[in-house]
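A.B. asks: Compact mmCIF, C-alpha atoms, file input04.txt:
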```txt
# COMPACT_ATOMS: atom_id res chain seq x y z
CA MET U 1 15.68 -43.43 -4.66
CA ALA U 2 12.54 -42.69 -6.64
CA VAL U 3 10.31 -42.62 -3.58
CA PRO U 4 11.96 -39.58 -1.87
CA TRP U 5 11.78 -37.62 -5.11
CA LEU U 6 8.12 -38.49 -5.52
CA LEU U 7 7.47 -37.43 -1.95
CA LEU U 8 9.29 -34.14 -2.55
CA LEU U 9 7.34 -33.54 -5.76
CA GLY U 10 4.09 -34.32 -4.00
CA GLY U 11 4.97 -31.98 -1.14
CA LEU U 12 5.82 -29.11 -3.49
CA THR U 13 2.62 -29.67 -5.46
CA THR U 14 0.59 -29.55 -2.25
CA PHE U 15 2.51 -26.46 -1.11
CA PHE U 16 1.85 -24.47 -4.29
CA LEU U 17 -1.69 -25.75 -4.76
CA GLY U 18 -2.59 -24.86 -1.18
CA HIS U 19 -1.37 -21.30 -1.61
CA PHE U 20 -3.17 -20.96 -4.93
CA VAL U 21 -6.47 -22.21 -3.50
CA TRP U 22 -6.09 -19.77 -0.60
CA ALA U 23 -5.54 -16.91 -3.05
CA VAL U 24 -8.61 -17.78 -5.12
CA VAL U 25 -10.83 -18.16 -2.05
CA LYS U 26 -9.57 -14.87 -0.58
CA HIS U 27 -10.21 -13.08 -3.87
CA PHE U 28 -13.81 -14.21 -4.17
CA LEU U 29 -14.56 -13.63 -0.49
CA THR U 30 -13.08 -10.14 -0.19
CA THR U 31 -12.73 -8.57 -3.64
CA GLU U 32 -15.22 -6.37 -5.46
CA VAL U 33 -14.99 -5.88 -9.22
CA PRO U 34 -17.08 -2.80 -10.21
CA SER U 35 -19.39 -3.13 -13.20
CA SER U 36 -17.71 -0.16 -14.89
CA LEU U 37 -14.46 -2.10 -15.26
CA LYS U 38 -13.77 -3.58 -18.66
CA HIS U 39 -12.48 -7.17 -18.88
CA PRO U 40 -13.49 -8.12 -15.29
CA VAL U 41 -12.47 -11.77 -15.74
CA LYS U 42 -8.97 -10.69 -16.75
CA LEU U 43 -8.72 -8.51 -13.66
CA ARG U 44 -9.83 -11.39 -11.43
CA VAL U 45 -7.20 -13.69 -12.95
CA VAL U 46 -4.40 -11.16 -12.49
CA HIS U 47 -5.49 -10.35 -8.93
CA CYS U 48 -5.64 -14.04 -7.97
CA PHE U 49 -2.10 -14.43 -9.28
CA VAL U 50 -0.92 -11.40 -7.27
CA LEU U 51 -2.54 -12.80 -4.12
CA PHE U 52 -0.88 -16.15 -4.85
CA LEU U 53 2.54 -14.47 -5.09
CA MET U 54 1.92 -12.52 -1.88
CA ALA U 55 0.91 -15.71 -0.06
CA LEU U 56 4.06 -17.46 -1.24
CA GLY U 57 6.11 -14.42 -0.29
CA ASN U 58 4.64 -14.33 3.22
CA THR U 59 5.48 -18.00 3.73
CA LEU U 60 9.03 -17.52 2.46
CA GLU U 61 9.43 -14.53 4.76
CA LYS U 62 8.29 -16.56 7.77
CA LEU U 63 10.82 -19.22 6.77
CA ARG U 64 13.45 -16.42 6.60
CA ILE U 65 14.26 -17.27 3.00
CA CYS U 66 13.19 -14.02 1.34
CA THR U 67 11.01 -11.03 2.23
CA MET U 68 7.54 -10.91 0.72
CA ASN U 69 8.22 -7.51 -0.88
CA LYS U 70 11.34 -8.68 -2.70
CA PHE U 71 9.67 -11.90 -3.83
CA VAL U 72 6.69 -10.08 -5.36
CA GLN U 73 8.94 -7.38 -6.84
CA PHE U 74 11.08 -10.08 -8.48
CA PHE U 75 8.07 -11.38 -10.39
CA GLY U 76 7.01 -7.84 -11.26
CA ASP U 77 10.45 -7.22 -12.76
CA ILE U 78 10.79 -10.54 -14.54
CA GLY U 79 8.77 -9.54 -17.60
CA ALA U 80 10.70 -9.27 -20.84
CA ILE U 81 12.09 -5.84 -21.65
CA LYS U 82 11.69 -4.59 -25.18
CA LYS U 83 14.91 -3.41 -26.79
CA ASP U 84 13.97 -0.17 -28.46
CA PRO U 85 16.51 0.87 -31.15
CA THR U 86 15.40 4.50 -30.81
CA VAL U 87 16.21 4.78 -27.09
CA LEU U 88 19.58 4.80 -25.34
CA VAL U 89 19.41 3.48 -21.78
CA THR U 90 22.25 4.21 -19.36
CA ASN U 91 22.44 2.89 -15.81
CA MET U 92 24.25 5.37 -13.55
CA ARG U 93 24.56 6.45 -9.95
CA PHE U 94 24.01 9.84 -8.41
CA GLY U 95 26.13 9.25 -5.33
CA SER U 96 24.65 6.11 -3.77
CA ILE U 97 21.34 6.41 -5.64
CA PRO U 98 20.88 4.20 -8.73
CA VAL U 99 19.25 6.04 -11.63
CA ARG U 100 18.48 5.11 -15.20
CA LEU U 101 18.77 7.67 -17.98
CA PHE U 102 16.59 7.22 -21.06
CA GLN U 103 17.60 9.25 -24.12
CA PRO U 104 16.14 9.16 -27.64
CA LYS U 105 17.79 8.29 -30.96
CA ALA U 106 20.38 5.63 -30.06
CA MET U 107 20.76 1.93 -29.41
CA SER U 108 19.88 0.67 -25.94
CA SER U 109 22.47 -1.34 -23.99
CA GLN U 110 23.07 -3.04 -20.64
CA LEU U 111 19.40 -3.42 -19.81
CA ARG U 112 18.19 -4.53 -16.44
CA ARG U 113 14.67 -5.78 -15.84
CA ASP U 114 12.14 -3.82 -13.84
CA THR U 115 8.46 -3.02 -13.90
CA TYR U 116 8.62 0.48 -15.37
CA HIS U 117 11.39 0.07 -17.94
CA ASN U 118 9.14 -0.45 -20.95
CA LEU U 119 6.88 2.40 -19.88
CA CYS U 120 9.84 4.78 -19.61
CA SER U 121 11.14 3.72 -23.04
CA PHE U 122 7.69 4.27 -24.55
CA LEU U 123 7.42 7.78 -23.09
CA VAL U 124 10.89 8.71 -24.37
CA ARG U 125 10.18 7.40 -27.85
CA GLU U 126 6.75 8.97 -28.19
CA THR U 127 7.65 12.38 -26.74
CA ASP U 128 11.26 12.62 -27.98
CA SER U 129 12.31 13.47 -24.42
CA VAL U 130 15.11 12.65 -22.00
CA LEU U 131 13.86 10.73 -18.96
CA LEU U 132 15.55 10.01 -15.64
CA SER U 133 14.14 7.11 -13.58
CA VAL U 134 15.17 7.02 -9.91
CA GLY U 135 15.88 3.69 -8.24
CA TYR U 136 14.90 4.84 -4.77
CA ARG U 137 15.33 2.45 -1.85
CA LYS U 138 12.19 0.52 -0.95
CA LEU U 139 10.46 -1.51 1.73
CA PRO U 140 10.98 -3.66 3.70
CA HIS U 141 14.46 -2.41 4.61
CA TYR U 142 13.92 1.32 4.14
CA HIS U 143 11.28 3.63 5.52
CA HIS U 144 10.32 7.29 5.42
CA PRO U 145 12.06 9.61 4.62
CA VAL U 146 14.47 7.47 2.56
CA LEU U 147 12.27 7.39 -0.56
CA PHE U 148 11.75 11.15 -0.42
CA ASN U 149 15.44 11.89 0.21
CA ASP U 150 16.60 9.62 -2.63
CA CYS U 151 14.20 11.18 -5.14
CA LEU U 152 14.98 14.72 -4.00
CA SER U 153 18.74 14.20 -4.16
CA ALA U 154 18.56 12.63 -7.63
CA THR U 155 16.27 15.41 -8.88
CA ILE U 156 18.56 18.17 -7.63
CA GLN U 157 21.64 16.53 -9.16
CA PHE U 158 19.85 16.10 -12.49
CA LEU U 159 18.65 19.70 -12.49
CA ARG U 160 22.21 20.89 -11.93
CA GLY U 161 23.43 18.98 -14.98
CA LEU U 162 20.63 19.46 -17.50
CA GLU U 163 22.95 20.73 -20.23
CA THR U 164 25.03 17.55 -19.92
CA TYR U 165 21.99 15.53 -20.95
CA GLY U 166 20.74 17.95 -23.60
CA VAL U 167 17.65 19.01 -21.64
CA ASP U 168 15.95 22.38 -22.11
CA PRO U 169 15.89 23.93 -18.58
CA SER U 170 12.55 25.59 -19.34
CA ARG U 171 10.79 22.29 -20.10
CA VAL U 172 11.52 20.05 -17.12
CA VAL U 173 8.58 17.91 -16.01
CA LEU U 174 8.37 15.71 -12.90
CA CYS U 175 6.13 12.67 -13.28
CA GLY U 176 5.10 9.85 -10.96
CA GLU U 177 2.44 7.25 -10.32
CA SER U 178 0.96 6.31 -6.93
CA VAL U 179 3.81 6.59 -4.38
CA GLY U 180 5.92 8.06 -7.18
CA ALA U 181 3.30 10.80 -7.61
CA TRP U 182 3.46 11.40 -3.86
CA ALA U 183 7.23 11.89 -4.23
CA VAL U 184 6.68 14.36 -7.09
CA ALA U 185 4.11 16.34 -5.10
CA THR U 186 6.43 16.71 -2.11
CA ILE U 187 9.58 17.41 -4.13
CA VAL U 188 7.96 20.14 -6.21
CA GLN U 189 6.99 21.91 -2.99
CA VAL U 190 10.49 21.61 -1.52
CA LEU U 191 12.16 22.89 -4.70
CA LEU U 192 10.35 26.21 -4.30
CA SER U 193 12.97 27.05 -1.68
CA SER U 194 15.82 26.52 -4.18
CA PRO U 195 15.53 29.46 -6.61
CA SER U 196 19.01 28.81 -8.02
CA LEU U 197 17.78 25.59 -9.67
CA PRO U 198 15.84 25.53 -12.95
CA LYS U 199 12.12 25.86 -12.32
CA ILE U 200 9.89 22.84 -12.85
CA ARG U 201 7.67 23.44 -15.87
CA ALA U 202 4.92 21.00 -14.87
CA GLN U 203 4.11 18.10 -12.59
CA ILE U 204 2.31 14.95 -13.73
CA LEU U 205 0.49 13.21 -10.89
CA ILE U 206 -1.00 9.82 -11.78
CA ILE U 207 -3.31 8.34 -9.11
CA PRO U 208 -1.35 10.17 -6.38
CA ILE U 209 -1.16 9.61 -2.64
CA ILE U 210 -1.68 13.08 -1.20
CA GLN U 211 -2.54 12.52 2.46
CA ALA U 212 -2.41 9.86 5.19
CA ILE U 213 -5.05 11.30 7.51
CA ASN U 214 -8.63 10.90 6.28
CA PHE U 215 -9.52 7.34 5.33
CA CYS U 216 -13.29 7.93 5.35
CA LEU U 217 -13.45 9.72 1.99
CA PRO U 218 -16.06 8.45 -0.50
CA SER U 219 -13.51 6.58 -2.63
CA HIS U 220 -12.04 4.91 0.46
CA GLN U 221 -15.49 3.51 1.16
CA LYS U 222 -16.51 2.72 -2.41
CA SER U 223 -13.30 1.02 -3.58
CA LYS U 224 -12.04 -0.51 -0.33
CA ASN U 225 -12.07 -4.02 -1.83
CA VAL U 226 -11.15 -3.20 -5.45
CA PRO U 227 -7.83 -4.57 -6.79
CA PHE U 228 -4.99 -3.87 -6.77
CA LEU U 229 -4.95 -1.47 -3.84
CA THR U 230 -7.47 -2.64 -1.28
CA ARG U 231 -7.99 -0.81 1.99
CA GLU U 232 -6.31 -3.62 3.91
CA PHE U 233 -3.23 -3.61 1.69
CA MET U 234 -3.05 0.18 1.57
CA ILE U 235 -3.00 0.68 5.34
CA PHE U 236 -0.52 -2.19 5.75
CA CYS U 237 1.92 -0.61 3.28
CA LEU U 238 1.40 2.85 4.75
CA CYS U 239 2.18 1.65 8.27
CA LYS U 240 5.26 -0.19 7.06
CA TYR U 241 6.56 2.79 5.11
CA LEU U 242 5.95 5.27 7.93
CA ALA U 243 7.37 2.85 10.53
CA ILE U 244 4.05 2.76 12.38
CA ASP U 245 3.14 -0.41 14.25
CA VAL U 246 0.35 -2.16 12.35
CA SER U 247 -1.60 -2.48 15.61
CA TRP U 248 -2.55 1.21 15.19
CA LYS U 249 -4.18 0.69 11.78
CA ASP U 250 -7.76 0.63 13.11
CA ALA U 251 -7.19 3.89 14.97
CA MET U 252 -5.87 5.43 11.74
CA LEU U 253 -8.73 4.14 9.61
CA THR U 254 -11.38 5.48 12.00
CA GLY U 255 -9.71 8.86 12.55
CA ALA U 256 -9.03 8.20 16.23
CA VAL U 257 -5.48 9.54 15.71
CA ILE U 258 -6.73 13.01 14.71
CA PRO U 259 -6.91 15.61 17.52
CA LEU U 260 -9.95 17.84 17.32
CA ASP U 261 -7.86 21.00 16.89
CA LYS U 262 -6.04 19.53 13.89
CA TRP U 263 -9.30 18.39 12.32
CA LYS U 264 -10.73 21.90 12.69
CA LYS U 265 -7.59 23.30 11.07
CA TYR U 266 -7.34 20.91 8.14
CA ARG U 267 -10.89 19.74 7.40
CA LYS U 268 -11.25 22.63 4.92
CA TRP U 269 -8.70 20.75 2.78
CA ILE U 270 -9.22 17.04 3.52
CA SER U 271 -12.87 16.47 4.41
CA SER U 272 -15.42 14.83 2.12
CA ASP U 273 -17.07 18.22 1.66
CA ASN U 274 -14.35 18.94 -0.92
CA ILE U 275 -15.41 15.99 -3.08
CA PRO U 276 -18.06 16.79 -5.73
CA ARG U 277 -21.39 15.16 -4.92
CA ARG U 278 -21.41 13.16 -8.16
CA PHE U 279 -18.63 11.05 -6.64
CA TRP U 280 -20.65 10.21 -3.53
CA SER U 281 -22.29 6.78 -3.55
CA GLN U 282 -25.80 6.28 -2.21
CA ASP U 283 -24.60 4.10 0.66
CA LEU U 284 -21.87 6.53 1.75
CA GLN U 285 -21.33 6.46 5.50
CA PRO U 286 -21.13 9.84 7.26
CA GLU U 287 -17.66 11.16 7.96
CA PHE U 288 -16.82 11.32 11.65
CA LEU U 289 -13.83 10.98 13.93
CA GLY U 290 -13.41 7.97 16.19
CA CYS U 291 -12.90 8.47 19.89
CA PHE U 292 -9.53 10.23 20.16
CA ASN U 293 -6.69 7.94 21.20
CA GLU U 294 -3.75 9.99 22.44
CA ALA U 295 -1.36 7.03 22.48
CA ALA U 296 -2.21 6.29 18.84
CA TYR U 297 -1.73 9.96 17.95
CA LEU U 298 1.71 10.09 19.52
CA GLU U 299 2.75 7.05 17.46
CA THR U 300 1.34 8.43 14.19
CA LYS U 301 1.56 12.22 14.46
CA HIS U 302 4.08 12.48 11.63
CA ILE U 303 1.20 11.91 9.20
CA PHE U 304 0.53 15.65 9.59
CA ASP U 305 3.96 16.51 8.15
CA VAL U 306 3.64 18.09 4.67
CA GLN U 307 6.32 15.70 3.41
CA ILE U 308 3.84 12.90 4.09
CA SER U 309 0.59 14.78 3.45
CA PRO U 310 1.50 17.47 0.87
CA VAL U 311 -2.14 18.52 0.58
CA LEU U 312 -1.63 20.29 3.95
CA ALA U 313 0.83 22.83 2.54
CA ASP U 314 -0.02 26.49 3.14
CA ASP U 315 -1.92 28.43 0.48
CA LYS U 316 1.16 30.52 -0.34
CA ILE U 317 3.09 27.32 -1.17
CA ILE U 318 0.33 25.81 -3.29
CA ALA U 319 -0.07 29.09 -5.22
CA GLN U 320 3.59 28.96 -6.35
CA LEU U 321 3.46 25.41 -7.71
CA PRO U 322 3.83 24.67 -11.43
CA GLU U 323 0.91 23.61 -13.57
CA VAL U 324 -0.47 20.13 -13.04
CA PHE U 325 -1.57 17.20 -15.16
CA LEU U 326 -3.66 15.02 -12.85
CA VAL U 327 -4.93 11.51 -13.55
CA THR U 328 -7.55 9.89 -11.32
CA CYS U 329 -9.30 6.54 -11.72
CA GLU U 330 -12.93 5.99 -10.77
CA ASN U 331 -12.33 2.58 -9.19
CA ASP U 332 -9.25 3.59 -7.21
CA ILE U 333 -9.30 3.93 -3.45
CA LEU U 334 -7.03 6.98 -3.89
CA ARG U 335 -9.36 8.73 -6.34
CA ASP U 336 -10.38 11.34 -3.78
CA ASP U 337 -6.79 12.12 -2.81
CA GLY U 338 -6.36 13.44 -6.33
CA LEU U 339 -9.66 15.34 -6.15
CA LEU U 340 -8.65 17.00 -2.88
CA TYR U 341 -5.39 18.19 -4.39
CA LYS U 342 -7.15 19.31 -7.56
CA LYS U 343 -9.41 21.59 -5.54
CA ARG U 344 -6.45 23.09 -3.70
CA PHE U 345 -4.78 23.90 -7.02
CA GLU U 346 -7.93 25.44 -8.44
CA ASP U 347 -8.57 27.50 -5.31
CA GLN U 348 -5.08 29.01 -5.62
CA GLY U 349 -5.21 29.61 -9.37
CA VAL U 350 -2.74 26.87 -10.37
CA PRO U 351 -3.58 25.56 -13.89
CA VAL U 352 -4.85 21.97 -13.76
CA THR U 353 -5.44 19.56 -16.61
CA TRP U 354 -7.52 16.72 -15.22
CA ASN U 355 -8.06 13.33 -16.81
CA HIS U 356 -10.54 11.08 -15.02
CA VAL U 357 -10.56 7.46 -16.23
CA GLU U 358 -14.00 5.97 -15.63
CA ASP U 359 -12.90 2.35 -16.13
CA GLY U 360 -9.52 2.80 -14.42
CA PHE U 361 -8.24 1.14 -11.25
CA HIS U 362 -5.11 1.45 -9.13
CA GLY U 363 -2.06 -0.12 -10.74
CA CYS U 364 -3.48 -0.37 -14.25
CA LEU U 365 -0.75 1.87 -15.73
CA VAL U 366 2.09 -0.68 -15.54
CA LEU U 367 -0.03 -3.19 -17.48
CA PHE U 368 -0.21 -1.02 -20.59
CA ASP U 369 2.09 -3.25 -22.70
CA TRP U 370 1.42 -6.62 -21.08
CA LYS U 371 -0.25 -7.86 -24.26
CA PHE U 372 -3.34 -9.91 -23.33
CA LEU U 373 -3.07 -8.70 -19.71
CA SER U 374 -3.30 -5.05 -20.74
CA PHE U 375 -6.48 -3.04 -20.18
CA PRO U 376 -7.98 -0.21 -22.28
CA CYS U 377 -7.64 2.15 -19.30
CA SER U 378 -3.90 1.44 -19.18
CA VAL U 379 -3.44 2.57 -22.77
CA THR U 380 -5.72 5.57 -22.22
CA ILE U 381 -3.58 6.90 -19.36
CA VAL U 382 -0.29 6.46 -21.21
CA ASN U 383 -1.61 8.16 -24.34
CA THR U 384 -3.00 11.14 -22.42
CA VAL U 385 0.32 11.60 -20.61
CA VAL U 386 2.18 11.48 -23.93
CA GLY U 387 -0.21 14.04 -25.43
CA TYR U 388 0.26 16.38 -22.50
CA ILE U 389 4.06 16.22 -22.58
CA LYS U 390 4.19 16.81 -26.34
CA ASN U 391 2.11 19.98 -25.94
CA ILE U 392 4.37 21.54 -23.31
```
Could you write out this structure as structure tokens?
C.D. replies:
Amino acid sequence: MAVPWLLLLGGLTTFFLGHFVWAVVKHFLTTEVPSSLKHPVKLRVVHCFVLFLMALGNTLEKLRICTMNKFVQFFGDIGAIKKDPTVLVTNMRFGSIPVRLFQPKAMSSQLRRDTYHNLCSFLVRETDSVLLSVGYRKLPHYHHPVLFNDCLSATIQFLRGLETYGVDPSRVVLCGESVGAWAVATIVQVLLSSPSLPKIRAQILIIPIIQAINFCLPSHQKSKNVPFLTREFMIFCLCKYLAIDVSWKDAMLTGAVIPLDKWKKYRKWISSDNIPRRFWSQDLQPEFLGCFNEAAYLETKHIFDVQISPVLADDKIIAQLPEVFLVTCENDILRDDGLLYKKRFEDQGVPVTWNHVEDGFHGCLVLFDWKFLSFPCSVTIVNTVVGYIKNI
């Protein structure tokens, strides 16, 4: 009986080792680690591990055992949660939407594991605030506009019950990172049409996604191979979320999905001309549209919806938005999304507090308390957000 077990063990070893070798080779063949990043070896190790998990997830998905997204998310959520005696954590539901309420000054109970739990607890403790985290539905089973609708519904329900949670209606702040920041940007615009609700005091946008149209911006060229959001992974996730067939990704990346009339209308807001020259690299390729592909446009035209590209909102909408705390990272492919939105705010007189992290990269925020896997830029972002909230 020992032989079958040895064969099984040998097969599993080969299986895992093969995936790991693939991940390491892929990392060193395709990944760029900018010199401005601190602890580059640490970043390489973490990225190799992420690629390893994604490779395993893809194989499991092909075997119809588990989707890649859920497999990777499981490992992202598996980290130990710190029980903070100063924070009360309550899992609730707003209708069908799972939310988690963080309140200061009480013992935490019934904790579940997820990537942002410790970050939320830290923000509550350091700012003495009440925080609502929305468990919006995710890929691969849910697509646009599910994320937006879940976050909007939860926000509206929370705003209607602020007194229940002891929240000052004049000091409500919406905060998000990456796709979460995209949700904040769109929701804040939509809430302008609901004057009966308490007004949002401020919006905190950390490395936000602001548009899905121009992928030739300087940061898209400079950081296209920088972990953790490479150009390849970004366009794959974007297509999946927007229910666009991945076969159209090249047309999207080259601008072949943009009709000339729409480019003339929106270039004043989304072209590279809006990016300060100090952010242009010496080898920057000129910005131009690919040969227009009408079929590709018809399959992707919803990228021009302001719920997907909030930077396209009219001036009168932008001018009414609450003040902004904006975080961008130098080595992030989405750096220029934030810069485009920053200029729109400034042009319309909306107060902007901007924090640019020179050694930052996409995804560094969630690593802030991962002990030896944490990065200085992670701590910098969290501390600046805390400082901003405390001063409101």
A.B. asks: Kindly provide the residues of range 179-274 of chain U that approach range 21-38 of chain U to within 10 Å, each paired with its closest atom pair and their distance in Å to one decimal, based on only C-alpha atoms, listed by chain and increasing number, as a Markdown table.
C.D. replies:
```
| residue | atom | partner | partner_atom | distance |
| --- | --- | --- | --- | --- |
| U:Lys222 | CA | U:Pro34 | CA | 9.6 |
| U:Ser223 | CA | U:Glu32 | CA | 7.9 |
| U:Lys224 | CA | U:Glu32 | CA | 8.4 |
| U:Asn225 | CA | U:Thr31 | CA | 4.9 |
| U:Val226 | CA | U:Glu32 | CA | 5.2 |
| U:Pro227 | CA | U:Thr31 | CA | 7.1 |
| U:Phe228 | CA | U:Thr31 | CA | 9.6 |
| U:Thr230 | CA | U:Thr31 | CA | 8.3 |
```
A.B. asks: Pick out the closest residue to Val357 in chain U from this set: U:Val46, U:Val257, U:Val173, U:Val382. Count only C-alpha atoms.
C.D. replies: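 Closest to Val357 in chain U of all the choices is U:Val382.
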A.B. asks: Select, from U:Pro145, U:Pro85, U:Pro98, U:Pro140, the residue with the minimum atom-to-atom distance to His302 in chain U, counting all atoms listed in the file.
C.D. replies: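 Under the stated criterion, the closest residue is U:Pro145.
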A.B. asks: If I put a ball of radius 12 Å at (8.4, -11.0, -4.0) in the file's coordinates, which residues poke into it when counting all atoms listed in the file, written as a ChimeraX atom specification?
C.D. replies: /U:50-61,65-78,139-140
A.B. asks: What gap, in Å, lies between CA of Ser272 in chain U and CA of Val350 in chain U?
C.D. replies: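 Between these atoms lies a distance of 21.5 Å.
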A.B. asks: Which one of U:Ala251, U:Leu217, U:Val386, U:Leu340 sits closest to Tyr297 in chain U if you count only C-alpha atoms?
C.D. replies: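 Nearest candidate to Tyr297 in chain U out of U:Ala251, U:Leu217, U:Val386, U:Leu340: U:Ala251.
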A.B. asks: Would you please work out which residue, of U:Ser129, U:Ser219, U:Thr14, U:Asn293, is nearest to Leu334 in chain U when using all atoms listed in the file?
C.D. replies: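 The closest residue to Leu334 in chain U is U:Ser219.
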A.B. asks: What's around range 94-97 of chain U at 12 Å? Count all atoms listed in the file, leave out sequence neighbours fewer than 6 positions away in its own chain, and write the answer as a ChimeraX atom specification.
C.D. replies: /U:132-138,146-161
A.B. asks: So, with all atoms listed in the file as the atoms that count, which of U:Gln282, U:Thr127, U:Asn214, U:Ser309 lies closest to Ile270 in chain U?
C.D. replies: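 The shortest atom-to-atom distance to Ile270 in chain U comes from U:Asn214.
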A.B. asks: Neighbourhood query: residues within 12 Å of (-21.5, 4.2, 4.9), file coordinates, counting all atoms listed in the file; return as number ranges by chain.
C.D. replies: U: 216-222, 224, 280-288
A.B. asks: Counting all atoms listed in the file, which residue out of U:Arg125, U:His117, U:Arg171, U:Arg278 sits closest to Thr86 in chain U?
C.D. replies: U:Arg125
A.B. asks: At a cut-off of 10 Å, using all atoms listed in the file, what residues contact Leu326 in chain U? Leave out same-chain residues fewer than 6 positions from it and give the result as a list in words.
C.D. replies: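 Residues near the query, excluding close chain neighbours: Ala181, Gln203, Ile204, Leu205, Ile206, Ile207, Pro208, Gly338, Leu339, Tyr341, Lys342, Val352, Thr353, Trp354, Asn355, His356 and Val385 of chain U.
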A.B. asks: Which distance in Å separates CA of Asp336 in chain U and CA of Arg44 in chain U, to one decimal?
C.D. replies: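 Computing the Euclidean distance for CA of Asp336 in chain U and CA of Arg44 in chain U yields 24.0 Å.
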A.B. asks: If we count all atoms listed in the file and set the cut-off at 9 Å, which residues sit around Gly363 in chain U, ignoring sequence neighbours fewer than 2 positions away in its own chain? Please answer as a list in words.
C.D. replies: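 Residues meeting the cut-off are Glu177, Ser178, Ile207, Pro227, Phe228, Leu229, Asp332, Gly360, Phe361, Leu365, Val366, Leu367 and Ser378 of chain U.
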A.B. asks: Generate the output file for the selected residues, C-alpha atoms, as a tab-separated table (two decimals), in the frame of the given file.
C.D. replies:
```
chain	number	residue	atom	x	y	z
U	177	GLU	CA	2.44	7.25	-10.32
U	178	SER	CA	0.96	6.31	-6.93
U	207	ILE	CA	-3.31	8.34	-9.11
U	227	PRO	CA	-7.83	-4.57	-6.79
U	228	PHE	CA	-4.99	-3.87	-6.77
U	229	LEU	CA	-4.95	-1.47	-3.84
U	332	ASP	CA	-9.25	3.59	-7.21
U	360	GLY	CA	-9.52	2.80	-14.42
U	361	PHE	CA	-8.24	1.14	-11.25
U	365	LEU	CA	-0.75	1.87	-15.73
U	366	VAL	CA	2.09	-0.68	-15.54
U	367	LEU	CA	-0.03	-3.19	-17.48
U	378	SER	CA	-3.90	1.44	-19.18
```
A.B. asks: At a cut-off of 12 Å, using all atoms listed in the file, what residues contact Leu312 in chain U? Leave out same-chain residues fewer than 2 positions from it and give the result as a ChimeraX atom specification.
C.D. replies: /U:185-186,189,210-214,262-263,265-271,303-310,314-318,337,340-341,344-345
A.B. asks: One decimal, in Å: what's the spacing between CA of Tyr388 in chain U and CA of Pro322 in chain U?
C.D. replies: 14.3 Å
